[in-house]
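Comments concern the structure below.
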Amino acid sequence: CALPISYCQARAKLPLPLLEEAFAASAQSAERCAPLDSLLQGRKLKVVDGSGTHLPDTRANRAAFPPNKRQHPGSGFPFLRVVALFSAASGALLAKVTGGLGSAELSLFLSGLRPALRPGDILRGDRPYGVYIVAPVLQRLGVDLIARVSIRNRKVDFRQASKRLGQRDALFKWAKPKTPSPMISLLEWLGLPSQITVRELDVRLTKAGFRTRQLTLV
């Protein structure tokens, strides 16, 4: 802590439930003050992203957030992985879920952040979210998805589209993988559709002083 020691000591005495209550109240206040957006028919746009950090090397932290198992016992630092849900309108952090180094970002999202989504929401995410497992799960919640297509798992060929909507803009059918995903329960997996129809399109982003980027969205 780079702040005065007395401040850090006082902050450490605050009970966790009180901090969680203040966290929720500040997010709700920011949302109430955020102006309504005329884009997307006024629907709420929420952003999900993940990050991580090393923690102080204490016994409690090692038990809760163990370091890499491949390292020599006793070496390395505990690692905290966090996945957070933000409001695009207010910038408020609406909800978060944490795990250790062995917890995948997408798995944490599916297990801990779905209750923070509401019917009519639009969720924006990066490549980890542009996969089959996310879209039908969100559809059941009444939530739409905008994400970058995971190139590692799926190569986009617009010549194979089921319906073209424009230049490099088309509908595709995503088939359900044969192997059940460990990120959700087997019962939920069996209830997902055998295929879903998604829209994929190329987007060109240009900004003065920055390199032009070409993104494929779903």
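By convention here, the chains of the structure tokens are called A, B, ... in the order presented, each chain's residues are numbered starting at 1, and ligands are numbered starting at 1 in the order presented.
Excluding Asn61 of chain A itself and any same-chain residue fewer than 5 positions from it, the protein and nucleic acid residues within 10 Å of it, counting only C-alpha atoms, are A:His54, A:Leu55, A:Pro56, A:Pro66, A:Pro67, A:Phe77, A:Pro78, A:Phe79, A:Leu80, A:Gly100.
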Going by DSSP on the backbone, which bits of segment 18-137 of chain A are alpha helix (DSSP H)? Write them as a ChimeraX atom specification, please.
-> /A:18-33,59-64,105-112,134-137
Identify, on the basis of only C-alpha atoms, every residue whose closest approach to segment 39-44 of chain A does not exceed 7 Å; exclude the query and any residue fewer than 5 positions from it along the same chain; express the result as a ChimeraX atom specification.
-> /A:120-122
Within 8 Å of Ser90 of chain A, counting only C-alpha atoms, which residues show up once you throw out same-chain ones fewer than 6 positions away? Write them as a list in words, please.
-> Ala30, Glu31, Cys33 and Ala34 of chain A
Please produce an output containing N, CA and C atoms for each residue in the selection, written as an mmCIF file, in the first residue's frame.
data_model
loop_
_atom_site.group_PDB
_atom_site.id
_atom_site.type_symbol
_atom_site.label_atom_id
_atom_site.label_comp_id
_atom_site.auth_asym_id
_atom_site.auth_seq_id
_atom_site.Cartn_x
_atom_site.Cartn_y
_atom_site.Cartn_z
ATOM 1 N N ALA A 30 -24.579 5.152 -9.304
ATOM 2 C CA ALA A 30 -24.022 5.550 -10.596
ATOM 3 C C ALA A 30 -24.978 5.228 -11.730
ATOM 4 N N GLU A 31 -25.647 4.100 -11.639
ATOM 5 C CA GLU A 31 -26.604 3.704 -12.673
ATOM 6 C C GLU A 31 -27.790 4.670 -12.723
ATOM 7 N N CYS A 33 -27.781 7.766 -12.026
ATOM 8 C CA CYS A 33 -27.339 9.063 -12.548
ATOM 9 C C CYS A 33 -26.938 9.011 -14.017
ATOM 10 N N ALA A 34 -26.757 7.824 -14.559
ATOM 11 C CA ALA A 34 -26.300 7.690 -15.944
ATOM 12 C C ALA A 34 -27.416 8.093 -16.906
#
For Ala116 of chain A: contacts at 9 Å, only C-alpha atoms, fewer than 4 positions along chain excluded, given as a list in words |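 Result of the neighbour search: Leu85, Leu94, Ala95 and Gly112 of chain A.
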Quick one, how far is atom CA of Ser150 of chain A from atom CA of Pro182 of chain A?
-> 18.3 Å
Which of these residues is nearest to Met183 of chain A, using only C-alpha atoms: A:Ser26, A:Thr98, A:Thr206, A:Ser107?
->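 Between A:Ser26, A:Thr98, A:Thr206, A:Ser107, the residue approaching Met183 of chain A most closely is A:Ser107.
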List the neighbours of Leu217 of chain A out to 6 Å using only C-alpha atoms; skip same-chain residues closer than 6 positions along the sequence, and give me the result as a count of residues only.
-> 5
What's the 8 Å shell around Arg124 of chain A, counting only C-alpha atoms, without same-chain residues fewer than 6 positions away, as a list in words?
->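 Contacts, with the query itself left out: Leu45, Lys46, Val47, Val48, Leu145, Ile146 and Ala147 of chain A.
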Please identify which residues in segment 6-202 of chain A DSSP calls strand (DSSP E) from the backbone, and express them as a VMD selection string.
-> chain A and resid 45 to 54 79 to 87 93 to 99 122 to 125 144 to 147 163 to 166 169 to 175 195 to 202
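Closest to Leu192 of chain A among A:Leu215, A:Ala175, A:Ala60, A:Leu117 is A:Ala175, based on only C-alpha atoms.
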Minimum-distance residue to Ala88 of chain A, chosen among A:Gly125, A:Gln160, A:Arg154, A:Thr216 (using only C-alpha atoms) =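 Closest candidate: A:Gly125.
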